[in-house]
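Content type mmCIF, C-alpha atoms, from the file structure_34.cif:
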data_query
loop_
_atom_site.label_atom_id
_atom_site.label_comp_id
_atom_site.auth_asym_id
_atom_site.auth_seq_id
_atom_site.Cartn_x
_atom_site.Cartn_y
_atom_site.Cartn_z
CA LEU C 1 114.71 140.52 -163.22
CA LEU C 2 111.55 142.25 -164.41
CA LEU C 3 113.47 144.28 -167.01
CA PHE C 4 115.15 141.10 -168.21
CA LEU C 5 111.81 139.29 -168.60
CA PHE C 6 110.28 142.36 -170.24
CA ALA C 7 113.15 142.55 -172.72
CA LEU C 8 112.79 138.83 -173.43
CA GLY C 9 109.10 139.25 -174.21
CA LYS C 10 109.73 142.34 -176.32
CA CYS C 11 112.43 140.58 -178.37
CA CYS C 12 110.15 137.62 -179.02
CA VAL C 13 107.26 139.84 -180.10
CA SER C 14 109.48 142.02 -182.24
CA SER C 15 110.99 138.96 -183.90
CA LEU C 16 107.51 137.85 -184.83
CA PHE C 17 106.46 141.24 -186.16
CA PHE C 18 109.60 142.34 -187.89
CA PHE C 19 109.64 139.60 -190.48
CA PHE C 20 107.72 142.00 -192.73
CA PHE C 21 110.96 143.41 -194.17
CA GLN C 22 111.67 139.96 -195.52
CA ALA C 23 108.19 139.65 -196.98
CA GLU C 24 107.87 140.32 -200.68
CA ASP C 25 105.36 143.11 -200.18
CA GLY C 26 107.52 144.98 -197.67
CA ILE C 27 110.63 144.80 -199.81
CA ARG C 28 108.80 145.85 -202.95
CA ASP C 29 107.13 148.83 -201.24
CA ALA C 30 110.34 149.93 -199.59
CA GLN C 31 112.21 149.70 -202.87
CA GLU C 32 109.61 151.84 -204.58
CA SER C 33 109.14 154.48 -201.89
CA ARG C 34 112.51 154.78 -200.18
CA GLY C 35 115.12 152.96 -202.19
CA LEU C 36 117.03 149.81 -201.36
CA GLY C 37 119.38 151.43 -198.86
CA ASP C 38 116.63 152.01 -196.30
CA VAL C 39 115.47 148.39 -196.37
CA TYR C 40 118.97 147.07 -195.92
CA LYS C 41 119.63 149.56 -193.13
CA ARG C 42 116.52 148.48 -191.22
CA GLN C 43 117.17 144.82 -191.85
CA LYS C 44 120.77 145.21 -190.68
CA ARG C 45 119.57 146.98 -187.53
CA PHE C 46 117.19 144.17 -186.72
CA ASP C 47 119.79 141.50 -187.54
CA SER C 48 122.20 143.25 -185.18
CA ILE C 49 119.61 143.27 -182.39
CA ASP C 50 118.83 139.62 -183.02
CA GLU C 51 122.53 138.68 -183.00
CA GLN C 52 123.16 140.57 -179.76
CA TRP C 53 120.09 139.00 -178.15
CA ARG C 54 121.19 135.51 -179.17
CA ALA C 55 124.68 136.18 -177.80
CA LEU C 56 123.18 137.36 -174.51
CA GLN C 57 121.06 134.23 -174.31
CA SER C 58 123.98 131.99 -175.20
CA ASP C 59 126.20 133.58 -172.55
CA SER C 60 123.44 133.30 -169.97
CA SER C 61 122.49 129.69 -170.68
CA SER C 62 125.47 128.30 -168.78
CA ILE C 63 124.52 130.19 -165.58
CA GLU C 64 121.87 128.44 -163.50
CA SER C 65 120.86 131.39 -161.32
CA THR C 66 118.56 133.95 -162.90
CA VAL C 67 119.58 136.51 -160.29
CA GLU C 68 123.23 136.01 -161.19
CA VAL C 69 122.46 136.47 -164.89
CA CYS C 70 120.53 139.67 -164.21
CA ASN C 71 123.23 141.08 -161.95
CA ARG C 72 126.12 140.57 -164.37
CA HIS C 73 128.17 143.67 -165.08
CA GLY C 74 126.70 145.67 -167.98
CA GLN C 75 123.66 143.40 -168.42
CA LEU C 76 121.12 146.12 -167.67
CA GLU C 77 122.79 148.56 -170.06
CA LYS C 78 122.85 145.94 -172.83
CA LEU C 79 119.17 145.21 -172.35
CA GLU C 80 118.26 148.88 -172.31
CA THR C 81 120.24 149.44 -175.53
CA LEU C 82 118.49 146.49 -177.18
CA GLU C 83 115.15 147.86 -176.04
CA GLU C 84 115.90 151.28 -177.56
CA MET C 85 116.92 149.65 -180.83
CA LEU C 86 113.76 147.52 -180.82
CA ASP C 87 111.70 150.65 -180.28
CA LEU C 88 113.19 152.07 -183.50
CA CYS C 89 112.24 148.87 -185.30
CA GLN C 90 108.73 149.03 -183.85
CA LYS C 91 108.35 152.63 -185.04
CA ALA C 92 109.41 151.58 -188.55
CA LEU C 93 106.90 148.75 -188.44
CA ASP C 94 104.12 151.08 -187.27
CA GLU C 95 104.98 153.54 -190.04
CA TYR C 96 104.87 150.76 -192.64
CA LEU C 97 101.52 149.45 -191.38
CA GLY C 98 100.20 153.00 -191.30
CA THR C 99 100.89 153.38 -195.03
CA LYS C 100 98.97 150.17 -195.69
CA LYS C 101 96.05 151.32 -193.54
CA THR C 102 95.95 154.63 -195.38
CA ALA C 103 95.90 152.84 -198.72
CA PHE C 104 93.10 150.48 -197.61
CA PRO C 105 91.16 151.89 -194.63
CA ARG C 106 89.52 148.56 -193.77
CA PHE C 107 92.93 147.53 -192.43
CA TYR C 108 92.31 149.85 -189.46
CA PHE C 109 90.02 147.10 -188.08
CA VAL C 110 92.73 144.44 -188.25
CA ALA C 111 95.29 143.69 -185.53
CA PRO C 112 98.94 144.30 -186.48
CA ALA C 113 99.83 140.59 -186.41
CA ASP C 114 96.90 139.80 -188.69
CA LEU C 115 97.75 142.67 -191.02
CA LEU C 116 101.32 141.41 -191.35
CA ASP C 117 99.96 137.96 -192.14
CA ILE C 118 97.67 139.43 -194.80
CA LEU C 119 100.46 141.48 -196.37
CA SER C 120 102.95 138.62 -196.41
CA LYS C 121 100.44 136.23 -198.00
CA GLY C 122 98.58 138.79 -200.10
CA SER C 123 99.30 137.09 -203.40
CA ASN C 124 97.40 133.97 -202.30
CA PRO C 125 93.75 134.72 -201.49
CA LEU C 126 93.20 131.31 -199.91
CA ASP C 127 95.82 132.02 -197.26
CA ILE C 128 94.21 135.29 -196.21
CA GLN C 129 90.64 133.99 -196.01
CA PRO C 130 90.75 133.68 -192.20
CA HIS C 131 91.11 137.47 -192.07
CA PHE C 132 88.17 138.38 -194.35
CA SER C 133 85.70 138.65 -191.48
CA LYS C 134 88.01 141.17 -189.79
CA CYS C 135 87.90 143.45 -192.82
CA PHE C 136 84.38 142.94 -194.12
CA ASP C 137 81.06 142.41 -192.37
CA ASN C 138 79.20 139.21 -193.26
CA LEU C 139 82.05 137.80 -195.32
CA ALA C 140 83.87 134.80 -193.96
CA LYS C 141 84.86 132.81 -197.02
CA LEU C 142 85.07 133.03 -200.79
CA GLU C 143 85.01 130.14 -203.23
CA PHE C 144 87.58 130.07 -206.01
CA ASP C 145 87.80 128.05 -209.19
CA PRO C 146 89.74 124.88 -208.23
CA ASP C 147 91.71 125.01 -211.50
CA GLN C 148 92.89 128.54 -210.72
CA VAL C 149 93.77 127.57 -207.17
CA ALA C 150 95.89 124.66 -208.41
CA THR C 151 97.86 126.94 -210.74
CA GLY C 152 98.21 129.75 -208.21
CA LYS C 153 96.11 132.14 -210.29
CA ALA C 154 93.04 132.33 -208.05
CA HIS C 155 92.18 136.00 -208.41
CA HIS C 156 88.42 135.85 -209.00
CA ALA C 157 85.80 134.46 -206.63
CA PHE C 158 82.40 133.04 -207.45
#

As structure tokens, how would this structure be written, given the file I've shared?
Amino acid sequence: LLLFLFALGKCCVSSLFFFFFQAEDGIRDAQESRGLGDVYKRQKRFDSIDEQWRALQSDSSSIESTVEVCNRHGQLEKLETLEEMLDLCQKALDEYLGTKKTAFPRFYFVAPADLLDILSKGSNPLDIQPHFSKCFDNLAKLEFDPDQVATGKAHHAF
């Protein structure tokens, strides 16, 4: 039961974190540094994990007893396999975030979830404002020209 709940939590967290391969920044960087094949391979791996997890959940939803679900033949092995595959995804995510932290050392002070949010919304400075205080002391907000904000070209602050 504990392994099942642990795997459930890990899948949910990994689903949240692994969206970075769909983010524009992640795809662009991966295309430049590793070629398209690597991105598709990682995305396919995660899609496979997600599909298997959804199938497990769908199969289990009709069974009312949690103990019965956990004791089904092969359930533990399936969960352990999914966990191993998620660990590979997590390592890829950590490697990706490490390259971003190396490029901009202030990112070392930002939590992984916040860093992913920054990277996925990096082209819109207004969307990343909540994270400024995590990167820079005494900086919580910048003001942008309203005309530039309206056109999506807000690149300079007052």

For atom CA of C:Phe136 and atom CA of C:Arg106, the interatomic separation in Å (one decimal):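 Computing the Euclidean distance for atom CA of C:Phe136 and atom CA of C:Arg106 yields 7.6 Å.
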
Please expand the PyMOL selection byres ((chain C and resi 107-116) around 8) into the concrete residues it hits in this file, giving the result as a PyMOL selection string. chain C and resi 17+20+97+100-101+104-106+117-120+131+134-135

Include C-alpha atoms and write out the residues we just selected as a PDB file, in the coordinates of the input.
ATOM      1  CA  PHE C  17     106.460 141.240-186.160  1.00  0.00           C
ATOM      2  CA  PHE C  20     107.720 142.000-192.730  1.00  0.00           C
ATOM      3  CA  LEU C  97     101.520 149.450-191.380  1.00  0.00           C
ATOM      4  CA  LYS C 100      98.970 150.170-195.690  1.00  0.00           C
ATOM      5  CA  LYS C 101      96.050 151.320-193.540  1.00  0.00           C
ATOM      6  CA  PHE C 104      93.100 150.480-197.610  1.00  0.00           C
ATOM      7  CA  PRO C 105      91.160 151.890-194.630  1.00  0.00           C
ATOM      8  CA  ARG C 106      89.520 148.560-193.770  1.00  0.00           C
ATOM      9  CA  ASP C 117      99.960 137.960-192.140  1.00  0.00           C
ATOM     10  CA  ILE C 118      97.670 139.430-194.800  1.00  0.00           C
ATOM     11  CA  LEU C 119     100.460 141.480-196.370  1.00  0.00           C
ATOM     12  CA  SER C 120     102.950 138.620-196.410  1.00  0.00           C
ATOM     13  CA  HIS C 131      91.110 137.470-192.070  1.00  0.00           C
ATOM     14  CA  LYS C 134      88.010 141.170-189.790  1.00  0.00           C
ATOM     15  CA  CYS C 135      87.900 143.450-192.820  1.00  0.00           C
TER      16      CYS C 135
END

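Applied to this file, the PyMOL selection byres ((chain C and resi 142) around 9) selects the residues Pro125, Leu126, Gln129, Phe132, Leu139, Ala140, Lys141, Glu143, Phe144, Ala157 and Phe158 of chain C.
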
Give me, please, the distance in Å between atom CA of C:Asp127 and atom CA of C:Asp50, quoted to one decimal.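 Here the two named atoms are 28.1 Å from each other.
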
Mind giving me the axis-aligned box for stretch 55-61 of chain C with 6 Å on every side, centre plus edges in Å to one decimal, as lines of an AutoDock Vina configuration file?
center_x = 123.6
center_y = 133.5
center_z = -173.9
size_x = 17.1
size_y = 19.7
size_z = 19.8

Neighbouring residues of C:Arg45 were defined as those with any atom within 9 Å, considering all atoms listed in the file; residues of the same chain fewer than 4 positions away were excluded. Please report them as a compact mmCIF listing (two decimals) with C-alpha atoms, in the frame of the given file.
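Result file selection_13.txt:
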# COMPACT_ATOMS: atom_id res chain seq x y z
CA TYR C 40 118.97 147.07 -195.92
CA LYS C 41 119.63 149.56 -193.13
CA ILE C 49 119.61 143.27 -182.39
CA ASP C 50 118.83 139.62 -183.02
CA MET C 85 116.92 149.65 -180.83
CA LEU C 86 113.76 147.52 -180.82
CA CYS C 89 112.24 148.87 -185.30

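Nearest residue to C:Phe46 among C:Ile128, C:Ile63, C:Leu88, C:Ala103 is C:Leu88, counting all atoms listed in the file.
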
Between atom CA of C:Asp94 and atom CA of C:Thr81, what distance in Å does the model show, to one decimal? 20.0 Å
